[in-house]
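Data block for data_5.txt (compact mmCIF, C-alpha atoms):
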# COMPACT_ATOMS: atom_id res chain seq x y z
CA MET A 18 -49.07 -41.66 -1.31
CA ILE A 19 -48.76 -45.44 -0.94
CA SER A 20 -46.00 -46.43 1.44
CA LEU A 21 -43.63 -49.30 0.71
CA LYS A 22 -41.41 -48.50 3.66
CA ASP A 23 -38.72 -51.16 4.13
CA LYS A 24 -39.95 -53.25 1.20
CA VAL A 25 -37.05 -54.65 -0.84
CA VAL A 26 -37.56 -54.26 -4.57
CA ILE A 27 -35.32 -55.50 -7.40
CA ILE A 28 -35.61 -53.44 -10.60
CA THR A 29 -33.82 -54.66 -13.72
CA GLY A 30 -32.52 -51.90 -15.94
CA GLY A 31 -33.20 -49.56 -13.02
CA GLY A 32 -30.45 -47.09 -13.80
CA ARG A 33 -31.87 -45.38 -16.87
CA GLY A 34 -34.92 -44.80 -19.03
CA ILE A 35 -38.18 -46.28 -17.79
CA GLY A 36 -36.21 -48.20 -15.18
CA PHE A 37 -34.91 -45.04 -13.55
CA GLY A 38 -38.44 -43.66 -13.49
CA LEU A 39 -39.54 -46.82 -11.71
CA SER A 40 -36.63 -46.55 -9.28
CA THR A 41 -37.61 -42.97 -8.51
CA ALA A 42 -41.24 -43.93 -7.82
CA PHE A 43 -40.22 -46.75 -5.50
CA ALA A 44 -37.65 -44.56 -3.74
CA LYS A 45 -40.33 -41.94 -3.06
CA ALA A 46 -42.55 -44.69 -1.64
CA GLY A 47 -39.83 -45.63 0.86
CA ALA A 48 -38.62 -48.91 -0.64
CA LYS A 49 -35.11 -50.29 -0.43
CA LEU A 50 -33.85 -50.75 -3.97
CA VAL A 51 -31.68 -53.20 -5.83
CA ILE A 52 -31.04 -51.91 -9.33
CA THR A 53 -29.35 -54.03 -11.95
CA GLY A 54 -27.99 -53.46 -15.43
CA ARG A 55 -25.00 -54.13 -17.62
CA THR A 56 -23.18 -50.82 -17.12
CA GLU A 57 -21.76 -50.18 -13.66
CA SER A 58 -21.26 -46.44 -14.18
CA THR A 59 -24.94 -46.00 -15.07
CA LEU A 60 -26.03 -47.85 -11.95
CA LEU A 61 -23.68 -45.92 -9.67
CA SER A 62 -24.88 -42.61 -11.07
CA ALA A 63 -28.49 -43.61 -10.48
CA LYS A 64 -27.67 -44.78 -6.95
CA GLU A 65 -26.08 -41.43 -6.12
CA GLN A 66 -29.06 -39.49 -7.46
CA LEU A 67 -31.65 -41.64 -5.68
CA GLU A 68 -29.92 -41.74 -2.31
CA SER A 69 -29.18 -38.04 -2.39
CA ALA A 70 -32.70 -37.00 -3.39
CA TYR A 71 -34.80 -39.44 -1.37
CA GLY A 72 -32.59 -40.83 1.40
CA CYS A 73 -33.28 -44.38 0.30
CA GLU A 74 -30.90 -47.32 0.42
CA VAL A 75 -29.77 -48.56 -3.00
CA LEU A 76 -27.74 -51.65 -3.84
CA THR A 77 -26.31 -51.85 -7.36
CA VAL A 78 -25.40 -55.16 -8.99
CA THR A 79 -24.15 -55.40 -12.56
CA ALA A 80 -25.79 -58.25 -14.42
CA ASP A 81 -26.74 -59.31 -17.92
CA GLY A 82 -30.25 -60.73 -17.81
CA ALA A 83 -29.31 -63.51 -20.20
CA ASP A 84 -26.65 -64.78 -17.77
CA GLU A 85 -28.19 -67.30 -15.37
CA ASN A 86 -25.28 -67.18 -12.92
CA ALA A 87 -25.35 -63.38 -12.89
CA ILE A 88 -29.01 -63.44 -11.87
CA LYS A 89 -28.29 -65.96 -9.10
CA ASN A 90 -25.64 -63.51 -7.88
CA VAL A 91 -28.18 -60.63 -7.85
CA ILE A 92 -30.56 -62.67 -5.71
CA ALA A 93 -27.77 -63.77 -3.36
CA LYS A 94 -26.43 -60.24 -2.90
CA THR A 95 -29.94 -58.89 -2.31
CA VAL A 96 -30.65 -61.40 0.45
CA GLU A 97 -27.18 -60.92 1.92
CA ARG A 98 -27.71 -57.16 2.12
CA PHE A 99 -31.39 -56.87 3.02
CA GLY A 100 -32.40 -60.33 4.26
CA LYS A 101 -35.47 -60.64 2.02
CA ILE A 102 -37.10 -59.84 -1.32
CA ASP A 103 -40.56 -58.30 -1.56
CA ALA A 104 -40.82 -57.61 -5.29
CA VAL A 105 -39.08 -58.13 -8.61
CA VAL A 106 -39.73 -55.76 -11.50
CA ASN A 107 -38.47 -57.16 -14.80
CA ASN A 108 -38.14 -54.03 -16.90
CA ALA A 109 -34.91 -54.48 -18.88
CA GLN A 110 -35.09 -55.64 -22.51
CA ALA A 111 -32.92 -55.38 -25.60
CA SER A 112 -34.16 -55.90 -29.15
CA ALA A 113 -33.80 -55.04 -32.81
CA SER A 114 -36.90 -52.84 -32.76
CA GLY A 115 -37.38 -50.78 -35.87
CA LYS A 116 -36.33 -53.60 -38.18
CA MET A 117 -38.89 -55.27 -40.42
CA LEU A 118 -39.50 -59.00 -39.90
CA ILE A 119 -38.04 -59.93 -43.29
CA ASP A 120 -34.79 -58.22 -42.35
CA HIS A 121 -34.42 -60.00 -39.01
CA THR A 122 -31.64 -62.47 -38.36
CA LYS A 123 -31.49 -65.33 -35.88
CA GLU A 124 -29.16 -63.16 -33.81
CA ASP A 125 -31.83 -60.44 -33.66
CA LEU A 126 -34.39 -62.92 -32.39
CA ASP A 127 -31.93 -64.40 -29.90
CA LEU A 128 -31.22 -60.91 -28.53
CA ALA A 129 -34.88 -60.32 -27.72
CA ILE A 130 -35.55 -63.80 -26.39
CA TYR A 131 -32.49 -64.02 -24.16
CA SER A 132 -32.74 -60.49 -22.73
CA GLY A 133 -36.51 -60.80 -22.35
CA ILE A 134 -37.93 -64.26 -21.72
CA TYR A 135 -34.81 -65.84 -20.26
CA ALA A 136 -34.07 -62.84 -18.05
CA SER A 137 -37.62 -62.74 -16.67
CA PHE A 138 -37.58 -66.51 -16.15
CA PHE A 139 -34.25 -66.49 -14.31
CA TYR A 140 -35.25 -63.65 -11.98
CA MET A 141 -38.65 -65.18 -11.25
CA ARG A 142 -37.34 -68.68 -10.58
CA GLU A 143 -34.46 -67.57 -8.39
CA ALA A 144 -36.53 -65.05 -6.41
CA PHE A 145 -39.53 -67.31 -5.82
CA PRO A 146 -38.31 -69.01 -2.61
CA HIS A 147 -37.82 -65.56 -1.07
CA LEU A 148 -41.08 -64.15 -2.44
CA LYS A 149 -42.92 -67.04 -0.76
CA GLU A 150 -41.57 -65.86 2.58
CA THR A 151 -42.78 -62.28 2.11
CA LYS A 152 -45.89 -63.06 0.03
CA GLY A 153 -44.33 -60.76 -2.50
CA CYS A 154 -44.95 -60.02 -6.14
CA VAL A 155 -43.49 -59.91 -9.63
CA ILE A 156 -44.14 -57.28 -12.27
CA ASN A 157 -43.08 -58.21 -15.78
CA PHE A 158 -43.01 -55.76 -18.64
CA ALA A 159 -44.59 -56.67 -21.97
CA SER A 160 -45.66 -54.35 -24.78
CA GLY A 161 -48.38 -53.14 -27.05
CA ALA A 162 -46.02 -54.26 -29.83
CA GLY A 163 -47.14 -57.81 -29.11
CA LEU A 164 -50.73 -57.04 -28.16
CA PHE A 165 -51.44 -55.06 -31.30
CA GLY A 166 -48.91 -56.42 -33.83
CA ARG A 167 -47.01 -53.20 -34.38
CA ILE A 168 -44.86 -52.77 -37.47
CA ALA A 169 -41.10 -53.35 -37.21
CA GLN A 170 -41.38 -54.96 -33.78
CA SER A 171 -41.43 -58.69 -34.58
CA SER A 172 -38.67 -60.08 -32.33
CA TYR A 173 -39.54 -57.65 -29.54
CA ALA A 174 -43.23 -58.56 -29.78
CA ALA A 175 -42.42 -62.28 -29.77
CA ALA A 176 -40.35 -61.96 -26.60
CA LYS A 177 -42.93 -59.81 -24.85
CA GLU A 178 -45.80 -62.18 -25.64
CA GLY A 179 -43.65 -65.03 -24.33
CA ILE A 180 -43.21 -63.10 -21.11
CA ARG A 181 -46.99 -62.69 -20.84
CA GLY A 182 -47.48 -66.43 -21.19
CA LEU A 183 -44.82 -67.13 -18.59
CA SER A 184 -46.45 -64.62 -16.25
CA ARG A 185 -49.93 -66.11 -16.53
CA VAL A 186 -48.69 -69.58 -15.67
CA ALA A 187 -46.66 -68.26 -12.74
CA ALA A 188 -49.68 -66.33 -11.46
CA THR A 189 -51.68 -69.56 -11.42
CA GLU A 190 -48.97 -71.73 -9.89
CA TRP A 191 -47.85 -69.22 -7.27
CA ALA A 192 -51.20 -67.85 -6.09
CA PRO A 193 -51.56 -70.56 -3.40
CA TYR A 194 -48.32 -69.23 -1.89
CA GLY A 195 -49.56 -65.65 -1.84
CA VAL A 196 -47.16 -64.58 -4.60
CA ARG A 197 -48.73 -62.34 -7.24
CA VAL A 198 -47.55 -61.91 -10.85
CA ASN A 199 -48.78 -59.14 -13.14
CA VAL A 200 -47.80 -57.63 -16.47
CA ILE A 201 -47.60 -54.01 -17.54
CA CYS A 202 -47.59 -52.93 -21.18
CA PRO A 203 -46.40 -49.30 -21.20
CA LEU A 204 -46.24 -46.75 -23.98
CA ALA A 205 -43.50 -44.41 -22.78
CA MET A 206 -40.90 -42.17 -24.38
CA THR A 207 -37.75 -44.31 -24.17
CA GLU A 208 -34.38 -44.15 -25.87
CA GLY A 209 -35.58 -46.85 -28.25
CA LEU A 210 -38.68 -44.85 -29.13
CA LYS A 211 -36.59 -41.73 -29.70
CA LYS A 212 -34.45 -43.72 -32.11
CA PHE A 213 -37.59 -45.05 -33.79
CA LYS A 214 -38.85 -41.47 -34.15
CA GLU A 215 -35.62 -40.41 -35.84
CA GLU A 216 -35.42 -43.39 -38.19
CA TYR A 217 -39.12 -43.79 -38.97
CA PRO A 218 -40.72 -40.36 -38.44
CA GLU A 219 -43.87 -41.18 -40.40
CA ARG A 220 -44.53 -44.35 -38.40
CA TYR A 221 -43.84 -42.44 -35.21
CA GLU A 222 -46.45 -39.84 -36.13
CA GLN A 223 -48.92 -42.61 -36.90
CA THR A 224 -48.25 -44.07 -33.46
CA ILE A 225 -48.83 -40.85 -31.54
CA LYS A 226 -51.98 -40.10 -33.54
CA GLY A 227 -53.31 -43.43 -32.33
CA VAL A 228 -52.99 -42.41 -28.68
CA PRO A 229 -56.21 -40.66 -27.58
CA MET A 230 -54.41 -38.90 -24.72
CA GLY A 231 -51.93 -37.47 -27.22
CA ARG A 232 -48.81 -38.23 -25.20
CA PHE A 233 -46.56 -41.01 -24.04
CA ALA A 234 -46.51 -42.15 -20.43
CA ASP A 235 -44.30 -40.55 -17.81
CA PRO A 236 -41.96 -43.32 -16.54
CA GLU A 237 -42.11 -42.21 -12.92
CA LYS A 238 -45.65 -40.96 -12.44
CA ASP A 239 -47.66 -43.06 -14.85
CA ILE A 240 -45.71 -46.31 -14.96
CA GLY A 241 -43.87 -46.15 -11.64
CA GLY A 242 -47.07 -45.18 -9.87
CA MET A 243 -48.83 -48.27 -11.19
CA CYS A 244 -45.91 -50.49 -10.20
CA VAL A 245 -45.92 -49.08 -6.66
CA PHE A 246 -49.65 -49.82 -6.42
CA LEU A 247 -49.20 -53.39 -7.67
CA CYS A 248 -46.53 -54.01 -5.03
CA SER A 249 -48.69 -52.64 -2.23
CA ASP A 250 -51.22 -54.29 0.07
CA GLU A 251 -53.94 -52.38 -1.79
CA ALA A 252 -53.35 -54.71 -4.76
CA SER A 253 -53.37 -57.93 -2.74
CA TYR A 254 -56.13 -59.44 -4.92
CA VAL A 255 -54.62 -58.45 -8.26
CA THR A 256 -52.72 -61.21 -10.05
CA GLY A 257 -52.47 -62.66 -13.56
CA GLU A 258 -53.43 -59.33 -15.11
CA THR A 259 -52.06 -57.51 -18.13
CA ILE A 260 -52.41 -53.78 -17.53
CA THR A 261 -52.05 -51.60 -20.60
CA LEU A 262 -50.71 -48.10 -19.91
CA GLN A 263 -51.23 -46.99 -23.49
CA GLY A 264 -53.06 -43.68 -23.14
CA GLY A 265 -56.22 -45.16 -24.64
CA SER A 266 -54.67 -46.77 -27.70
CA GLY A 267 -56.02 -50.26 -28.30
CA LEU A 268 -59.19 -49.44 -26.40
CA ARG A 269 -61.19 -52.37 -25.10
CA PRO A 270 -63.80 -52.79 -22.35
Encoded form (structure tokens):
Amino acid sequence: MISLKDKVVIITGGGRGIGFGLSTAFAKAGAKLVITGRTESTLLSAKEQLESAYGCEVLTVTADGADENAIKNVIAKTVERFGKIDAVVNNAQASASGKMLIDHTKEDLDLAIYSGIYASFFYMREAFPHLKETKGCVINFASGAGLFGRIAQSSYAAAKEGIRGLSRVAATEWAPYGVRVNVICPLAMTEGLKKFKEEYPERYEQTIKGVPMGRFADPEKDIGGMCVFLCSDEASYVTGETITLQGGSGLRP
């Protein structure tokens, strides 16, 4: 197993869903965690589970990713507690997924853009001075929704493709400082996907039929494992990449 002993990793939305799977993978690798989200009770529950199971150190900070001052507070509290930042994993995202483009409102688009692009931007910008010191890395989450133009995902896809553009520029600008930026596009069973399955069962079946491996990714093993690798010394030459964890859907060489 790759060791990230004493590495300090910020994970947005780290208290539930894919984020908790990521937190678990990093905890097993020995990292010190900072998990953020909008609901304090969710974060505290995750902290208790992680510290009890893996003996790791977890700092929880409530924050809305669209709130610039809240993100500055996350960075400040992280440095105050641990003295450094080695990695930022921008996982959290809200959207009106499941709604056709023609039915979208400006508020729906704002939700995706503010919780996605703005949140990633704020975390990246505020963490950069500290990532320079550690030659750390950023992992941003995008989606096959944007890569492949999936139905009923317009605002979500727009935000995720914006994040990919932001990530590519950052990878270019920050490489001279030893700071790496990569993107992961996962296909995992999330709460949003469960809701999609319930509301649009036929589209859900079409989606799973298009996955050669016949399953969705495991948040801890499949996605968390890749994130741990990208934050390790073994991935020191990997930057500016979009890695699709899609079980073979959207195959390309």
### Task
Starting from the point (-36.9, -45.5, -18.4), work out which residues of protein, DNA or RNA have an atom no more than 10 Å away when counting all atoms listed in the file; state them as a list of chain:residue names.
A:Gly30, A:Gly31, A:Gly32, A:Arg33, A:Gly34, A:Ile35, A:Gly36, A:Phe37, A:Gly38, A:Leu39, A:Ser40, A:Asn108, A:Ala109, A:Ala205, A:Met206, A:Thr207, A:Glu208, A:Asp235, A:Pro236, A:Glu237, A:Ile240, A:Gly241
### Query
Quick one: residues within 8 Å of range 128-145 of chain A, all atoms listed in the file counted, chain neighbours fewer than 2 positions away excluded, as a VMD selection string?
chain A and resid 81 to 85 88 to 89 92 102 105 107 109 to 113 124 to 126 147 to 149 155 157 172 to 173 175 to 177 179 to 180 183
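You can rank A:Ser114, A:Ala42, A:Val78, A:Lys238 by their closest distance to Lys214 in chain A using only C-alpha atoms, and at the top of that list sits A:Ser114.
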### Task
Could you check how far CA of Thr77 in chain A sits from CA of Ala187 in chain A, in Å to one decimal?
26.7 Å
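Interatomic distance, CA of Thr59 in chain A to CA of Thr79 in chain A: 9.8 Å.
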### Message
I'd like the interatomic distance between CA of Asp103 in chain A and CA of Lys24 in chain A, to a tenth of an Å.
### Response
5.8 Å
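Distances from A:Phe99, A:Lys94, A:Arg185, A:Thr41 to Lys64 in chain A were compared using all atoms listed in the file, and the smallest one belongs to A:Thr41.
Proximity of A:Ser69, A:Asn86, A:Thr95, A:Ser20 to Val51 in chain A, computed with only C-alpha atoms, is greatest for A:Thr95.
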### Task
Give the answer as one residue: which of A:Leu210, A:Leu67, A:Val196, A:Val25 has the shortest atom-to-atom distance to Val96 in chain A, using all atoms listed in the file?
A:Val25
### Message
I want to know what sits within 6 Å of range 198-202 of chain A, based on all atoms listed in the file, with residues of the same chain fewer than 3 positions away left out; could you give that as a ChimeraX atom specification?
### Response
/A:154-161,188,256-262
Centre and edge lengths, as JSON, for the axis-aligned box enclosing every listed atom of range 32-45 of chain A with 8 Å of padding on each of the six sides, in Å to one decimal?
{"center_x": -35.8, "center_y": -45.1, "center_z": -11.0, "size_x": 26.8, "size_y": 22.3, "size_z": 32.0}
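In terms of minimum interatomic distance to Phe43 in chain A, A:Gly242 ranks closest within A:Gly242, A:Gly163, A:Gly72, A:Gly115, counting all atoms listed in the file.
With distances restricted to all atoms listed in the file, A:Ala104 is the closest residue to Gly153 in chain A from A:Ala169, A:Ala48, A:Ala234, A:Ala104.
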